[in-house]
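Asker: Quick one: the structure is below, questions incoming.
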Amino acid sequence: MIEKKIPQPDILLEDGAVFVMNKPGGLLTQGPPGIDSLELRTKHFLKVRDEKPGKVYLGVPHRLDRPVSGVITVVKNVRAAQRISAQIREHLVTKTYWAVVAGTPTESSGRWCDFMRKIPDEARSEIVDDGHPDGKEALLDFKVIASDENRSLLEIQLVTGRTHQIRLQCSHRGLPILGDAMYGSEDDFGPQTTDLRKRWIALHARRLAFEHPINGHQPVDQTAPLPECWQPLEELTNQAI
């Protein structure tokens with residue numbers, strides 16, 4: 001249970017029913033009641049700011065993995081949540097990520113296609129054969145936007161949205177994301193907390209674009225600034241900004 005003051009969420013945009021947030025790494029998107037999460041922080045913020053006497057509704061149409069930072073949208077009513085979820089299903093939402101990986105891909109850009117499944121009773125996924133009964137196609141487009149002798153900065157656009165997809169597809173090609181020990185990284189990244197669940201990885205949801213679900217389908221297009229813990233990687237990121 002949280003006993004200390006609940007931090008305020010980092011709000012990039014508030015437009016009617018739509019919030020666009022910059023989630024820090026190490027923070028759950030959603031969690032059990034009383035456990036720190038972006039959802040809890042936003043509900044608390046709304047309850048206090050808007051002086052709401054009862055429960056606060058918050059729709060979460062998509063999530064970011066706990067160790068991942070960056071841009072995410074949450075909404076204040078059911079209709080907005082349903083409309084954004086429909087855009088996601090119809091591949092109308094643009095999700096662009098930056099990832100720093102160990103090594104360099106064999107090609108400077110391309111599409112990765114794998115079949116993967118979430119391992120039962122584990123918070124982890126794996127690559128499987130295309131004939132596996134639980135296998136689901138995983139597609140992403142990537143390009144190398146900076147590199148040095150040991151690392152590469154990739155810009156990634158998700159085509160599908162599988163559990164741990166970017167992390168697993170990078171690792172499967174011998175390109176683990178820095179700090180992602182679950183998928184083979186031997187490098188430290190971000191704040192080195194004693195609670196391993198609060199560790200960050202070098203995967204940042206950089207840009208999110210979609211149609212506003214209420215206000216006449218106006219475009220919403222937000223970019224999340226890089227967190228301070230990316231500063232040691234500035235030789236790479238400066239080439240891309």
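Chain labels follow the order of the structure tokens: the first chain is A, the next B, and so on; residue numbering restarts at 1 in every chain, and ligands are counted from 1 in their shown order.
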List the neighbours of segment 79-87 of chain A out to 8 Å using only C-alpha atoms; skip same-chain residues closer than 5 positions along the sequence, and give me the result as a list in words.
Answerer: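 Counting only C-alpha atoms, the residues come to Ala17, Val18, Gly59, Val60, Pro61, His62, Val74, Leu92, Val93, Phe210, Glu211, Pro213 and Ile214 of chain A.
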Asker: With C-alpha atoms retained, could you export that selection as a short mmCIF file (atom, residue, chain, number, x, y, z; two decimals), in the first residue's frame?
Answerer:
```
data_model
loop_
_atom_site.label_atom_id
_atom_site.label_comp_id
_atom_site.auth_asym_id
_atom_site.auth_seq_id
_atom_site.Cartn_x
_atom_site.Cartn_y
_atom_site.Cartn_z
CA ALA A 17 -11.59 13.50 -22.47
CA VAL A 18 -8.05 12.70 -23.62
CA GLY A 59 -9.95 4.24 -19.52
CA VAL A 60 -6.59 2.70 -20.43
CA PRO A 61 -6.84 1.61 -24.10
CA HIS A 62 -3.20 0.46 -24.32
CA VAL A 74 -5.56 7.48 -21.05
CA LEU A 92 -4.82 3.49 -37.24
CA VAL A 93 -2.63 4.45 -34.28
CA PHE A 210 -4.15 8.99 -33.34
CA GLU A 211 -7.47 10.69 -34.10
CA PRO A 213 -11.98 10.18 -30.22
CA ILE A 214 -14.44 12.98 -29.45
#
```
Asker: Report as an NGL selection string: the residues of segment 69-234 of chain A with a DSSP assignment of alpha helix (DSSP H), based on the backbone of this structure.
Answerer: :A and (78-89 or 165-172 or 234)
Asker: Print the selection's residues with N, CA and C atoms to a file, as a compact mmCIF listing (two decimals), in the first residue's frame.
Answerer:
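Now in selection24.txt:
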```txt
# COMPACT_ATOMS: atom_id res chain seq x y z
N VAL A 78 -15.95 6.31 -21.20
CA VAL A 78 -16.02 5.01 -21.87
C VAL A 78 -16.03 5.17 -23.38
N ARG A 79 -16.76 6.15 -23.89
CA ARG A 79 -16.85 6.32 -25.34
C ARG A 79 -15.47 6.60 -25.95
N ALA A 80 -14.68 7.46 -25.31
CA ALA A 80 -13.34 7.74 -25.81
C ALA A 80 -12.47 6.50 -25.77
N ALA A 81 -12.58 5.72 -24.69
CA ALA A 81 -11.78 4.49 -24.58
C ALA A 81 -12.13 3.52 -25.69
N GLN A 82 -13.43 3.36 -25.97
CA GLN A 82 -13.86 2.43 -27.01
C GLN A 82 -13.38 2.87 -28.38
N ARG A 83 -13.42 4.15 -28.66
CA ARG A 83 -13.02 4.65 -29.98
C ARG A 83 -11.52 4.54 -30.21
N ILE A 84 -10.73 4.80 -29.17
CA ILE A 84 -9.28 4.64 -29.34
C ILE A 84 -8.93 3.16 -29.45
N SER A 85 -9.59 2.31 -28.68
CA SER A 85 -9.35 0.87 -28.80
C SER A 85 -9.67 0.38 -30.21
N ALA A 86 -10.72 0.92 -30.81
CA ALA A 86 -11.07 0.55 -32.18
C ALA A 86 -9.99 1.00 -33.16
N GLN A 87 -9.44 2.19 -32.96
CA GLN A 87 -8.34 2.65 -33.81
C GLN A 87 -7.13 1.73 -33.70
N ILE A 88 -6.84 1.27 -32.49
CA ILE A 88 -5.71 0.37 -32.29
C ILE A 88 -5.95 -0.95 -33.04
N ARG A 89 -7.15 -1.50 -32.91
CA ARG A 89 -7.47 -2.76 -33.60
C ARG A 89 -7.37 -2.61 -35.12
N GLN A 165 6.76 -7.53 -27.21
CA GLN A 165 7.14 -7.80 -28.60
C GLN A 165 8.49 -7.21 -28.99
N ILE A 166 8.69 -5.91 -28.77
CA ILE A 166 9.94 -5.28 -29.18
C ILE A 166 11.10 -5.91 -28.44
N ARG A 167 10.94 -6.12 -27.17
CA ARG A 167 12.01 -6.67 -26.33
C ARG A 167 12.42 -8.06 -26.83
N LEU A 168 11.44 -8.89 -27.13
CA LEU A 168 11.71 -10.25 -27.56
C LEU A 168 12.28 -10.30 -28.97
N GLN A 169 11.72 -9.53 -29.88
CA GLN A 169 12.21 -9.57 -31.26
C GLN A 169 13.63 -9.03 -31.37
N CYS A 170 13.97 -8.03 -30.58
CA CYS A 170 15.36 -7.56 -30.55
C CYS A 170 16.28 -8.64 -30.00
N SER A 171 15.91 -9.19 -28.86
CA SER A 171 16.73 -10.22 -28.22
C SER A 171 16.93 -11.43 -29.11
N HIS A 172 15.88 -11.83 -29.82
CA HIS A 172 15.94 -13.00 -30.70
C HIS A 172 16.99 -12.84 -31.79
N GLU A 234 23.76 10.06 -24.92
CA GLU A 234 23.53 11.23 -25.77
C GLU A 234 24.40 11.23 -27.02
```
Asker: Just the residues within 12 Å of Asp188 of chain A, please, counting only C-alpha atoms, with nothing from its chain fewer than 2 positions along; format it as a VMD selection string.
Answerer: chain A and resid 101 to 102 176 to 181 184 to 186 190 to 193 196 199 to 202 229 to 230 232
Asker: When distances are computed from only C-alpha atoms, which of A:Thr237, A:Gln8, A:Asn22, A:Thr223 shows the smallest separation from Arg151 of chain A?
Answerer: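 Counting only C-alpha atoms, the residue closest to Arg151 of chain A is A:Thr237.
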Asker: If you count only C-alpha atoms, which residues fall within 12 Å of Leu64 of chain A, apart from same-chain ones fewer than 4 positions away, as a VMD selection string?
Answerer: chain A and resid 21 to 30 37 to 39 60 68 to 74 95 97 161 to 167 201 203 to 206
Asker: Just the number, please: distance in Å from atom CA of Asp50 of chain A to atom CA of Val220 of chain A, one decimal.
Answerer: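 These atoms are spaced 23.6 Å apart.
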Asker: Between A:Thr194, A:Ser152, A:Gln222, A:Asn215, which one has atoms that come closest to Glu235 of chain A, using only C-alpha atoms?
Answerer: A:Ser152
Asker: Find, counting only C-alpha atoms, the residue in A:Lys198, A:His91, A:Lys52, A:Lys47 that gets nearest to Asp65 of chain A.
Answerer: A:Lys198
Asker: May I have the residues within 6 Å of Pro9 of chain A as a list in words, using only C-alpha atoms and disregarding those fewer than 2 positions away in the same chain?
Answerer: Ile11, Arg41 and Thr42 of chain A
Asker: As an exercise, work out the distance from atom CA of Ile145 of chain A to atom CA of Gln239 of chain A in Å and give it to one decimal place.
Answerer: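 The value is 7.5 Å.
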Asker: So how many Å separate atom CA of Val100 of chain A and atom CA of Leu153 of chain A, to one decimal?
Answerer: 4.5 Å
